[in-house]
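**Student:** Structure in structure tokens, see below.
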Amino acid sequence: MPPTIRRLAFLLAAAAATGACADSTTAPAPPPAELSAVKFWEAGSTVGWNRTALRIFRTSGGPIGRILPYLSLAQYRAVLAAEAANAGEVHPSPAAASAGASVVVLSSFYPAEASALEALLAAQRAAPPWPGEQRRDFPAGEAIGRQVAVAVLAQMATDGFGLTSPGVPPVGPGYWISSGAPTVRGNYGARPFFLTSGDEIRLPPPPAFGSAEFLAALAEVRAIADGRTAEQLAIALKWVPFSMPIMSAVATDLIVKHRRSEREAARMLAYASAASFDAIIACFDTKFAYWFIRPSQVDPAISLATGLPNHPSYPSAHNCESGAWEEVLGDAFPSERSMLAALAEEASVSRLYAGLHYRFDNEGGLVIGRAAGRLALERGGLE
């Protein structure tokens with residue numbers, strides 16, 4: 001077996017094992033009536049493939065903020081299409097539909113991994129089905145998933161991602177200063193899933209440069225940087241480079257813990273990641289509306305725990321992402337709201353601990369993210 005296939009096979013197996021370890025310690029085996037849900041001792045297909053996507057990202061990089069929304073959208077629509085195709089004696093497998101969709105989408109982002117991904121799918125196809133899948137047609141589901149994914153990729157190709165220029169930064173006191181590298185645009189100008197426009201949830205201006213409120217926020221960043229503890233440094237580094245991989249991993253753990261079905265898993269991952277995509281559209285709309293200066297550009301004595309992103313400070317993109325995930329996952333798992341809120345707060349302070357953002361950047365990011373999450377739940381439309 002080639003090294004890439006062995007590596008990816010290990011990752012998919014590890015994903016299933018992670019779900020097993022997380023859930024088997026918290027709940028007894030479900031009775032037969034619950035076999036329609038994700039097996040308590042295994043991760044479902046959608047969960048496994050999302051975890052595989054995250055592991056490929058951690059080794060190969062890539063635009064994870066775009067990958068996960070379209071991956072999850074394809075998985076969700078594929079599962080729905082497989083369920084709708086049940087007719088007569090043919091019952092396409094929803095798990096296979098999610099897997100087929102996953103291979104097509106992930107191969108489009110990671111073409112070097114295409115053969116390894118196909119090998120993983122072949123292994124899933126050959127594995128003995130769990131009880132809820134015994135009367136399901138895997139090849140029929142897989143074919144549906146591949147077809148759905150092609151349509152989703154065609155939708156993605158017209159989303160305008162990366163095509164809109166934010167313009168030239170203003171020059172003067174209080175304005176962000178580019179490093180000279182290309183300005184990071186996030187999802188600026190891309191077509192949203194739920195928002196009516198990129199500026200629908202734009203924040204009001206940040207505190208005026210030089211005001212008492214601004215100077216107090218700047219002083220807080222400097223004080224933390226001067227006395228940064230080992231714990232604060234660890235939190236800062238934990239959330240590098242983005243919030244989405246951490247929040248998505250938490251989501252898959254919760255899906256397995258609460259024994260959600262394939263359709264439920266695909267739905268919540270699709271809505272959470274698409275809401276996060278919209279949150280970053282709104283985030284960078286606000287950034288380029290105000291072009292606010294970074295703390296370390298005002299006070300060069302502020303030490304940074306990680307590299308300085310080449311885009312304006314207000315608001316924090318990390319918190320736009322985590323706020324959206326918090327909102328959607330909190331709706332899906334009400335009993336986990338306090339945990340999710342604490343996680344979003346950790347993401348928030350991580351950027352303050354790193355010296356990258358003022359506190360008002362972080363608070364504003366959470367406002368945008370939570371608003372994007374609420375709009376996703378209210379407006380729907382991914383089906």
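The way I read the labels, and the way they are meant: chains A, B, ... in the order of the structure tokens, residue 1 as the first residue of every chain, and ligand 1 as the first ligand shown, with later ones counted on from there.
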Can you list, as a list in words, every residue of region 138-209 of chain A that DSSP puts in alpha helix (DSSP H)?

**Tutor:**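 The residues of region 138-209 of chain A classed as alpha helix (DSSP H) are Phe138, Pro139, Ala140, Gly141, Glu142, Ala143, Ile144, Gly145, Arg146, Gln147, Val148, Ala149, Val150, Ala151, Val152, Leu153, Ala154, Gln155 and Met156 of chain A.
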
**Student:** Considering only C-alpha atoms, give me a table of residues in region 204-317 of chain A that are at most 9 Å from region 151-169 of chain A, with the closest atom pair and distance in Å for each, as JSON lines.

**Tutor:**
{"residue": "A:Phe284", "atom": "CA", "partner": "A:Pro166", "partner_atom": "CA", "distance": 8.9}
{"residue": "A:Asp285", "atom": "CA", "partner": "A:Pro166", "partner_atom": "CA", "distance": 8.5}
{"residue": "A:Phe288", "atom": "CA", "partner": "A:Pro166", "partner_atom": "CA", "distance": 6.3}
{"residue": "A:Ala289", "atom": "CA", "partner": "A:Pro166", "partner_atom": "CA", "distance": 8.9}
{"residue": "A:Trp291", "atom": "CA", "partner": "A:Pro169", "partner_atom": "CA", "distance": 6.7}

**Student:** Within 12 Å of region 177-179 of chain A, counting only C-alpha atoms, which residues show up once you throw out same-chain ones fewer than 5 positions away? Write them as a ChimeraX atom specification, please.

**Tutor:** /A:168-172,184,291-298,307-313

**Student:** Go ahead and save the residues from that selection, with C-alpha atoms, as a PDB file, in the first residue's frame.

**Tutor:**
ATOM      1  CA  VAL A 168      -6.215  50.656  -1.279  1.00  0.00           C
ATOM      2  CA  PRO A 169      -5.824  51.136   2.486  1.00  0.00           C
ATOM      3  CA  PRO A 170      -6.221  54.736   3.679  1.00  0.00           C
ATOM      4  CA  VAL A 171      -3.095  56.405   5.029  1.00  0.00           C
ATOM      5  CA  GLY A 172      -2.981  58.268   8.300  1.00  0.00           C
ATOM      6  CA  VAL A 184      -5.566  38.735   3.142  1.00  0.00           C
ATOM      7  CA  TRP A 291      -9.141  49.584   8.049  1.00  0.00           C
ATOM      8  CA  PHE A 292      -8.327  49.769  11.762  1.00  0.00           C
ATOM      9  CA  ILE A 293      -4.727  49.610  12.934  1.00  0.00           C
ATOM     10  CA  ARG A 294      -3.257  46.599  14.758  1.00  0.00           C
ATOM     11  CA  PRO A 295      -2.117  47.048  18.393  1.00  0.00           C
ATOM     12  CA  SER A 296       1.547  46.296  17.635  1.00  0.00           C
ATOM     13  CA  GLN A 297       1.513  48.881  14.845  1.00  0.00           C
ATOM     14  CA  VAL A 298       0.590  51.534  17.407  1.00  0.00           C
ATOM     15  CA  GLY A 307       2.818  35.989  13.216  1.00  0.00           C
ATOM     16  CA  LEU A 308       0.853  39.161  12.472  1.00  0.00           C
ATOM     17  CA  PRO A 309      -1.876  38.514   9.871  1.00  0.00           C
ATOM     18  CA  ASN A 310      -1.761  40.928   6.949  1.00  0.00           C
ATOM     19  CA  HIS A 311      -5.237  42.404   7.254  1.00  0.00           C
ATOM     20  CA  PRO A 312      -6.869  45.057   9.470  1.00  0.00           C
ATOM     21  CA  SER A 313      -7.502  44.510  13.140  1.00  0.00           C
TER      22      SER A 313
END

**Student:** Calculate how many Å separate CA of Ala305 (chain A) from CA of Ala354 (chain A), rounding to one decimal.

**Tutor:**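 Going from CA of Ala305 (chain A) over to CA of Ala354 (chain A) covers 4.7 Å.
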
**Student:** If you take only C-alpha atoms and a cut-off of 12 Å, which residues of region 315-361 of chain A touch region 50-69 of chain A, and what are their nearest atom pairs and distances in Å to one decimal, in chain and number order, as CSV?

**Tutor:**
residue,atom,partner,partner_atom,distance
A:Ala317,CA,A:Gly65,CA,11.0
A:His318,CA,A:Gly65,CA,11.0
A:Cys320,CA,A:Gly65,CA,11.7
A:Glu321,CA,A:Gly65,CA,8.9
A:Ser322,CA,A:Gly65,CA,11.7
A:Trp325,CA,A:Pro69,CA,11.9

**Student:** Find the residues around region 379-382 of chain A up to 9 Å (only C-alpha atoms counted), leave out those fewer than 3 positions away in its own chain, and share them as number ranges by chain.

**Tutor:** A: 73, 76-77, 193-195, 267, 270-271, 274, 374-376

**Student:** Please indicate the distance in Å from CA of Asn362 (chain A) to CA of Val250 (chain A), rounded to one decimal place.

**Tutor:**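 Separation of CA of Asn362 (chain A) and CA of Val250 (chain A): 20.7 Å.
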
**Student:** Separation of CA of Pro92 (chain A) and CA of Phe333 (chain A), in Å?

**Tutor:**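 Value for the CA of Pro92 (chain A)-CA of Phe333 (chain A) distance: 28.6 Å.
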
**Student:** Need the shell around region 121-127 of chain A: protein/DNA/RNA residues with any atom at most 8 Å away, counting only C-alpha atoms. Skip same-chain ones fewer than 6 positions apart. Format as a list in words?

**Tutor:**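 Counting only C-alpha atoms, the residues come to Ala96, Ala99, Gly100, Val103, Phe138 and Pro139 of chain A.
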
**Student:** Which residues are close to Tyr358 (chain A), i.e. within 10 Å by only C-alpha atoms, leaving aside same-chain residues fewer than 4 positions away? Reply as a list of chain:residue names.

**Tutor:**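 In the requested format, the answer is A:Phe214, A:Ala216, A:Ala217, A:Leu218, A:Ala219, A:Glu220, A:Val221, A:Arg222, A:Arg294, A:Pro295, A:Ser313, A:Tyr314, A:Pro315, A:Ser316, A:Val349, A:Arg351, A:Leu352, A:Tyr353, A:Asn362, A:Glu363.
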
**Student:** For N, CA and C atoms, I'd like the residues from the last selection saved as a compact mmCIF listing (two decimals), in the first residue's frame.

**Tutor:**
# COMPACT_ATOMS: atom_id res chain seq x y z
N PHE A 214 -10.00 53.72 23.45
CA PHE A 214 -8.98 53.07 22.64
C PHE A 214 -7.69 52.89 23.42
N ALA A 216 -7.18 52.68 26.58
CA ALA A 216 -7.31 51.66 27.62
C ALA A 216 -7.21 50.26 27.02
N ALA A 217 -7.82 50.07 25.85
CA ALA A 217 -7.75 48.76 25.19
C ALA A 217 -6.33 48.46 24.74
N LEU A 218 -5.63 49.47 24.23
CA LEU A 218 -4.24 49.29 23.82
C LEU A 218 -3.36 48.95 25.02
N ALA A 219 -3.58 49.63 26.13
CA ALA A 219 -2.79 49.37 27.34
C ALA A 219 -3.00 47.95 27.84
N GLU A 220 -4.21 47.42 27.69
CA GLU A 220 -4.46 46.04 28.11
C GLU A 220 -3.65 45.07 27.27
N VAL A 221 -3.59 45.29 25.96
CA VAL A 221 -2.80 44.42 25.10
C VAL A 221 -1.33 44.45 25.51
N ARG A 222 -0.82 45.65 25.76
CA ARG A 222 0.58 45.79 26.15
C ARG A 222 0.86 45.11 27.48
N ARG A 294 -3.57 47.67 13.81
CA ARG A 294 -3.26 46.60 14.76
C ARG A 294 -2.57 47.18 15.99
N PRO A 295 -2.74 46.53 17.17
CA PRO A 295 -2.12 47.05 18.39
C PRO A 295 -0.60 47.23 18.27
N SER A 313 -7.29 45.09 11.83
CA SER A 313 -7.50 44.51 13.14
C SER A 313 -8.97 44.26 13.49
N TYR A 314 -9.84 45.18 13.17
CA TYR A 314 -11.23 45.17 13.66
C TYR A 314 -12.19 44.65 12.62
N PRO A 315 -12.92 43.56 12.94
CA PRO A 315 -12.91 42.72 14.14
C PRO A 315 -12.04 41.48 13.95
N SER A 316 -12.00 40.64 14.96
CA SER A 316 -11.21 39.42 14.91
C SER A 316 -11.92 38.34 14.09
N VAL A 349 -10.18 35.26 23.79
CA VAL A 349 -9.04 35.78 24.54
C VAL A 349 -7.72 35.31 23.97
N ARG A 351 -6.64 35.61 21.03
CA ARG A 351 -6.10 36.65 20.15
C ARG A 351 -5.59 37.84 20.94
N LEU A 352 -6.20 38.08 22.10
CA LEU A 352 -5.70 39.11 23.00
C LEU A 352 -4.38 38.65 23.63
N TYR A 353 -4.34 37.40 24.06
CA TYR A 353 -3.11 36.86 24.64
C TYR A 353 -1.96 36.87 23.63
N ASN A 362 -12.24 41.39 19.49
CA ASN A 362 -12.74 40.05 19.80
C ASN A 362 -14.24 40.07 20.09
N GLU A 363 -14.67 41.05 20.86
CA GLU A 363 -16.10 41.13 21.17
C GLU A 363 -16.92 41.39 19.92

**Student:** Using only C-alpha atoms, which of the listed residues (A:Ala265, A:Leu340, A:Ala208, A:Ala272) sits closest to Phe360 (chain A)?

**Tutor:**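 Looking at the shortest contact to Phe360 (chain A), the residue is A:Ala208.
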
**Student:** What's the 9 Å shell around Ala140 (chain A), counting only C-alpha atoms, without same-chain residues fewer than 6 positions away, as a PyMOL selection string?

**Tutor:** chain A and resi 82+90-93+96-97
